[in-house]
Each structure stands twice: as C-alpha cells, then as structure tokens.
file coords.cif (mmCIF, C-alpha atoms)
data_data
loop_
_atom_site.group_PDB
_atom_site.id
_atom_site.type_symbol
_atom_site.label_atom_id
_atom_site.label_comp_id
_atom_site.auth_asym_id
_atom_site.auth_seq_id
_atom_site.Cartn_x
_atom_site.Cartn_y
_atom_site.Cartn_z
ATOM 1 C CA MET A 291 52.941 -2.898 2.144
ATOM 2 C CA THR A 292 49.128 -2.624 2.171
ATOM 3 C CA GLU A 293 49.076 -4.124 5.652
ATOM 4 C CA THR A 294 51.439 -1.411 6.928
ATOM 5 C CA LYS A 295 49.193 1.291 5.392
ATOM 6 C CA TYR A 296 46.143 -0.084 7.210
ATOM 7 C CA TYR A 297 48.090 -0.436 10.424
ATOM 8 C CA GLN A 298 49.149 3.229 10.220
ATOM 9 C CA GLN A 299 45.533 4.326 9.527
ATOM 10 C CA ASP A 300 44.347 2.308 12.516
ATOM 11 C CA THR A 301 47.105 3.758 14.704
ATOM 12 C CA ASP A 302 46.166 7.282 13.638
ATOM 13 C CA LEU A 303 42.515 6.550 14.376
ATOM 14 C CA TRP A 304 43.453 5.172 17.792
ATOM 15 C CA HIS A 305 45.404 8.316 18.670
ATOM 16 C CA LYS A 306 42.511 10.482 17.483
ATOM 17 C CA LEU A 307 40.213 8.497 19.797
ATOM 18 C CA ILE A 308 42.595 9.054 22.722
ATOM 19 C CA ASP A 309 42.724 12.797 21.998
ATOM 20 C CA GLN A 310 38.928 13.006 21.754
ATOM 21 C CA GLU A 311 38.523 11.202 25.069
ATOM 22 C CA LYS A 312 40.916 13.605 26.751
ATOM 23 C CA ALA A 313 38.923 16.512 25.319
ATOM 24 C CA TYR A 314 35.662 14.918 26.528
ATOM 25 C CA LEU A 315 37.005 14.433 30.054
ATOM 26 C CA GLU A 316 38.166 18.048 30.212
ATOM 27 C CA THR A 317 34.833 19.330 28.868
ATOM 28 C CA ARG A 318 32.881 17.132 31.291
ATOM 29 C CA LYS A 319 34.951 18.425 34.211
ATOM 30 C CA ASN A 320 34.267 22.021 33.166
ATOM 31 C CA PHE A 321 30.555 21.320 32.689
ATOM 32 C CA LEU A 322 30.291 19.717 36.133
ATOM 33 C CA ASN A 323 31.715 22.893 37.637
ATOM 34 C CA SER A 324 29.026 25.025 35.981
ATOM 35 C CA PRO A 325 26.228 26.385 38.190
ATOM 36 C CA SER A 326 23.558 25.472 35.599
ATOM 37 C CA ARG A 327 24.506 21.812 35.299
ATOM 38 C CA VAL A 328 21.386 20.356 36.955
ATOM 39 C CA GLU A 329 18.940 22.484 34.956
ATOM 40 C CA LEU A 330 20.766 21.734 31.707
ATOM 41 C CA ILE A 331 20.641 18.018 32.451
ATOM 42 C CA ARG A 332 16.943 18.314 33.346
ATOM 43 C CA LEU A 333 16.283 19.872 29.933
ATOM 44 C CA ALA A 334 18.481 17.337 28.153
ATOM 45 C CA LEU A 335 16.500 14.448 29.663
ATOM 46 C CA GLN A 336 13.508 15.678 27.631
ATOM 47 C CA ASN A 337 15.465 15.744 24.369
ATOM 48 C CA PRO A 338 16.020 12.296 22.833
ATOM 49 C CA LEU A 339 19.162 13.548 21.055
ATOM 50 C CA GLU A 340 20.749 14.703 24.326
ATOM 51 C CA ARG A 341 19.262 12.207 26.767
ATOM 52 C CA ALA A 342 21.978 9.514 26.659
ATOM 53 C CA THR A 343 24.698 12.046 27.446
ATOM 54 C CA ALA A 344 22.630 13.497 30.288
ATOM 55 C CA LEU A 345 22.051 10.023 31.725
ATOM 56 C CA LYS A 346 25.772 9.303 31.669
ATOM 57 C CA VAL A 347 26.665 12.607 33.331
ATOM 58 C CA ILE A 348 24.033 12.323 36.090
ATOM 59 C CA ASN A 349 26.217 9.887 37.992
ATOM 60 C CA TYR A 350 28.782 12.661 38.548
ATOM 61 C CA LEU A 351 26.282 14.908 40.343
ATOM 62 C CA THR A 352 25.877 15.005 44.110
ATOM 63 C CA ASN A 353 23.184 12.806 45.681
ATOM 64 C CA THR A 354 21.015 15.849 46.343
ATOM 65 C CA GLU A 355 21.305 16.977 42.732
ATOM 66 C CA ARG A 356 20.546 13.482 41.443
ATOM 67 C CA GLN A 357 17.535 13.213 43.754
ATOM 68 C CA SER A 358 16.202 16.505 42.386
ATOM 69 C CA LEU A 359 15.969 14.802 38.975
ATOM 70 C CA PHE A 360 14.208 11.709 40.311
ATOM 71 C CA ASN A 361 10.692 12.536 39.118
ATOM 72 C CA GLU A 362 11.977 13.107 35.562
ATOM 73 C CA LEU A 363 13.787 9.773 35.726
ATOM 74 C CA ILE A 364 10.644 7.944 36.861
ATOM 75 C CA LYS A 365 8.671 9.497 34.003
ATOM 76 C CA LEU A 366 11.337 8.329 31.567
ATOM 77 C CA ALA A 367 11.356 4.853 33.119
ATOM 78 C CA SER A 368 7.620 4.530 32.530
ATOM 79 C CA VAL A 369 7.719 4.550 28.726
ATOM 80 C CA GLY A 370 9.632 2.595 26.140
ATOM 81 C CA HIS A 371 12.471 4.380 24.304
ATOM 82 C CA SER A 372 16.024 3.715 23.206
ATOM 83 C CA ASP A 373 17.551 4.971 26.480
ATOM 84 C CA ILE A 374 15.328 3.019 28.873
ATOM 85 C CA GLN A 375 18.137 0.809 30.138
ATOM 86 C CA LEU A 376 20.323 3.845 30.855
ATOM 87 C CA VAL A 377 17.414 5.391 32.789
ATOM 88 C CA ARG A 378 16.926 2.195 34.791
ATOM 89 C CA ASP A 379 20.644 1.989 35.528
ATOM 90 C CA VAL A 380 20.651 5.548 36.868
ATOM 91 C CA ILE A 381 17.582 4.886 39.026
ATOM 92 C CA LEU A 382 19.019 1.626 40.352
ATOM 93 C CA SER A 383 22.259 3.425 41.261
ATOM 94 C CA PHE A 384 20.454 5.471 43.935
ATOM 95 C CA ASP A 385 20.840 4.375 47.526
ATOM 96 C CA LYS A 386 18.417 1.455 47.836
ATOM 97 C CA ILE A 387 16.849 2.601 51.109
ATOM 98 C CA TRP A 388 16.246 6.096 49.710
ATOM 99 C CA LEU A 389 14.911 4.596 46.496
ATOM 100 C CA LEU A 390 12.474 2.272 48.272
ATOM 101 C CA ASP A 391 11.295 5.195 50.416
ATOM 102 C CA ASN A 392 10.627 7.443 47.408
ATOM 103 C CA ILE A 393 9.843 5.440 44.292
ATOM 104 C CA GLU A 394 6.198 4.627 44.980
ATOM 105 C CA THR A 395 5.268 8.267 45.553
ATOM 106 C CA GLN A 396 6.856 9.384 42.297
ATOM 107 C CA ALA A 397 5.511 6.405 40.377
ATOM 108 C CA GLU A 398 2.014 7.160 41.650
ATOM 109 C CA PHE A 399 2.054 10.482 39.780
ATOM 110 C CA VAL A 400 2.725 8.562 36.565
ATOM 111 C CA LEU A 401 0.299 5.722 37.277
ATOM 112 C CA ASN A 402 -2.652 7.966 38.185
ATOM 113 C CA ASN A 403 -3.280 8.603 34.502
ATOM 114 C CA GLY A 404 -1.140 5.715 33.303
ATOM 115 C CA THR A 405 -1.893 3.090 30.718
ATOM 116 C CA ASP A 406 -0.723 -0.484 30.429
ATOM 117 C CA GLU A 407 2.561 0.902 29.008
ATOM 118 C CA GLU A 408 3.432 2.773 32.217
ATOM 119 C CA TYR A 409 2.466 -0.178 34.408
ATOM 120 C CA ARG A 410 4.536 -2.569 32.294
ATOM 121 C CA ARG A 411 7.661 -0.382 32.202
ATOM 122 C CA LEU A 412 7.510 0.388 35.926
ATOM 123 C CA LEU A 413 6.967 -3.274 36.791
ATOM 124 C CA GLU A 414 10.073 -4.126 34.760
ATOM 125 C CA LEU A 415 11.983 -1.612 36.889
ATOM 126 C CA TYR A 416 10.402 -2.776 40.156
ATOM 127 C CA ILE A 417 11.384 -6.379 39.476
ATOM 128 C CA GLN A 418 15.012 -5.272 39.244
ATOM 129 C CA LEU A 419 14.662 -3.273 42.444
ATOM 130 C CA ASP A 420 12.552 -5.286 44.878
ATOM 131 C CA THR A 421 10.236 -8.285 44.448
ATOM 132 C CA GLN A 422 7.872 -7.179 47.227
ATOM 133 C CA LEU A 423 7.481 -3.781 45.631
ATOM 134 C CA ALA A 424 6.756 -5.479 42.304
ATOM 135 C CA ARG A 425 4.128 -7.710 43.928
ATOM 136 C CA LYS A 426 2.434 -4.629 45.368
ATOM 137 C CA LEU A 427 2.212 -3.013 41.949
ATOM 138 C CA VAL A 428 1.012 -6.280 40.383
ATOM 139 C CA ALA A 429 -1.839 -6.359 42.934
ATOM 140 C CA LYS A 430 -2.715 -2.773 42.072
ATOM 141 C CA ALA A 431 -2.719 -3.584 38.347
ATOM 142 C CA LEU A 432 -4.940 -6.625 38.886
ATOM 143 C CA GLN A 433 -7.510 -4.424 40.678
ATOM 144 C CA HIS A 434 -7.472 -1.708 38.036
ATOM 145 C CA PRO A 435 -10.689 -1.112 36.050
ATOM 146 C CA ASP A 436 -8.767 -1.037 32.739
ATOM 147 C CA ILE A 437 -8.591 -4.546 31.284
ATOM 148 C CA ASP A 438 -5.267 -3.846 29.557
ATOM 149 C CA ILE A 439 -3.693 -2.887 32.890
ATOM 150 C CA GLN A 440 -5.202 -6.006 34.479
ATOM 151 C CA GLU A 441 -3.523 -8.027 31.731
ATOM 152 C CA VAL A 442 -0.172 -6.458 32.656
ATOM 153 C CA GLY A 443 -0.839 -7.492 36.258
ATOM 154 C CA THR A 444 -1.584 -11.052 35.148
ATOM 155 C CA ASP A 445 1.551 -11.187 32.975
ATOM 156 C CA PHE A 446 3.776 -10.077 35.838
ATOM 157 C CA GLU A 447 1.994 -12.226 38.391
ATOM 158 C CA ILE A 448 2.811 -15.261 36.234
ATOM 159 C CA TYR A 449 6.378 -14.031 35.762
ATOM 160 C CA LEU A 450 6.902 -13.616 39.508
ATOM 161 C CA GLN A 451 5.437 -17.064 40.200
ATOM 162 C CA THR A 452 7.764 -18.739 37.690
ATOM 163 C CA LYS A 453 10.724 -16.727 39.003
ATOM 164 C CA GLN A 454 10.432 -18.287 42.482
#

call {"tool": "encode", "arguments": {"input": "coords.cif", "output": "structure tokens"}}
result
Amino acid sequence: MTETKYYQQDTDLWHKLIDQEKAYLETRKNFLNSPSRVELIRLALQNPLERATALKVINYLTNTERQSLFNELIKLASVGHSDIQLVRDVILSFDKIWLLDNIETQAEFVLNNGTDEEYRRLLELYIQLDTQLARKLVAKALQHPDIDIQEVGTDFEIYLQTKQ
C-alpha cells in the first residue's frame, strides 16, 4: 500500500515535470521571437543568477546574433565561476574558422590588463580549441613581465609537452 502511494506521488511529479517543460518550451519560443532578445541575453550574462539560462538560450540565436555577444563570452571565459563550462561550450560551438579568426583579438582586450587568472582560464579554453593557438599564448605568457603570468606559461608549457 505504501509503495503504491509513493508510486502515485512519483507519477504526479513526473507529469508536473512534463507540464513545466512544455511551458518552458513555449516561453522560450515566445522569447526568441522578441525583438529585445539579444540585449536581454547580454544583460543576463552579467548576472550570475540569470547567466546559465542565457548561456543555454544563446544557441538558439542566429550566428550574427551569437557573434555580437562574443566579446562578453570571452570576458566570461577569462575568469573562474560556476558557469565557466557552459561559457566554454558556447564559445566552442561557434564555427571553428570564424572562432580562430576572431578569438585572439577579443582575448587581447582581456589580456592587456589581465592577471594570471585570465591567462590561465583562456589557456584552458585555447587547449580545447587549438593546440597551436595555445602554444602562442603560452609563449606570450612566458615573456610577460609578471612572474605569476610567467608561471602560468610554464605550467601550460609542461602540460602541452606531456600531452604530446
């Protein structure tokens, strides 16, 4: 008898989940038809409470719209936070040729005043994207006047050597 009660509670919960997903899909569709969608996502990327949702919805935008958010994504990829993997996944979902043509320019804005944190986070992303690009940034880190950034370069140089 108790087992049947739990089964019914679980079944009710399952149906509630199905209903909520249907409501989410309808709301997402309506949001994606709104003219303010890109600006609202841009703002949400700056709010840790809204960021994960924004990062999940970005993939439904057009390429041009997604590209317009690229500099915000690079900034988010350069620091540690709970959504860093979602940010990396979005960045890595861009067309690889476009990404390789544009990432260094945007990353340079971050690295100009960057610390070892920004170098480390961007190197983690670069390694997932392209080994040659990562080697280039390692070389830049090794030549940097800041000893902490040099240490990041050394760490990743060793990593890349052991990866081969």

call {"tool": "resolve_selection", "arguments": {"input": "coords.cif", "expression": "the PyMOL selection byres ((chain A and resi 441-448) around 7)", "output": "list in words"}}
result
Asp406, Arg410, Val428, Ala429, Ala431, Leu432, Ile437, Asp438, Ile439, Gln440, Tyr449, Leu450, Gln451 and Thr452 of chain A

call {"tool": "closest_residue", "arguments": {"input": "coords.cif", "among": "A:Ser383, A:Thr317, A:Thr301, A:Thr294", "to": "Arg356 in chain A", "atoms": "all atoms listed in the file"}}
result
A:Ser383

call {"tool": "closest_residue", "arguments": {"input": "coords.cif", "among": "A:Glu329, A:Asp420, A:Asp436, A:Glu408", "to": "Ala367 in chain A", "atoms": "all atoms listed in the file"}}
result
A:Glu408

call {"tool": "closest_residue", "arguments": {"input": "coords.cif", "among": "A:Ile374, A:Ile364, A:Ile331, A:Ile417", "to": "Glu394 in chain A", "atoms": "all atoms listed in the file"}}
result
A:Ile364

call {"tool": "residues_around", "arguments": {"input": "coords.cif", "residues": "Arg341 in chain A", "least_positions_apart": "6", "cutoff": "9 Å", "atoms": "all atoms listed in the file", "output": "compact mmCIF listing (two decimals) with C-alpha atoms, in the coordinates of the input"}}
result
# COMPACT_ATOMS: atom_id res chain seq x y z
CA ILE A 331 20.64 18.02 32.45
CA LEU A 333 16.28 19.87 29.93
CA ALA A 334 18.48 17.34 28.15
CA LEU A 335 16.50 14.45 29.66
CA ASP A 373 17.55 4.97 26.48

call {"tool": "residues_around", "arguments": {"input": "coords.cif", "residues": "Ser372 in chain A", "least_positions_apart": "4", "cutoff": "10 Å", "atoms": "only C-alpha atoms", "output": "ChimeraX atom specification"}}
result
/A:338,341-342,376-377
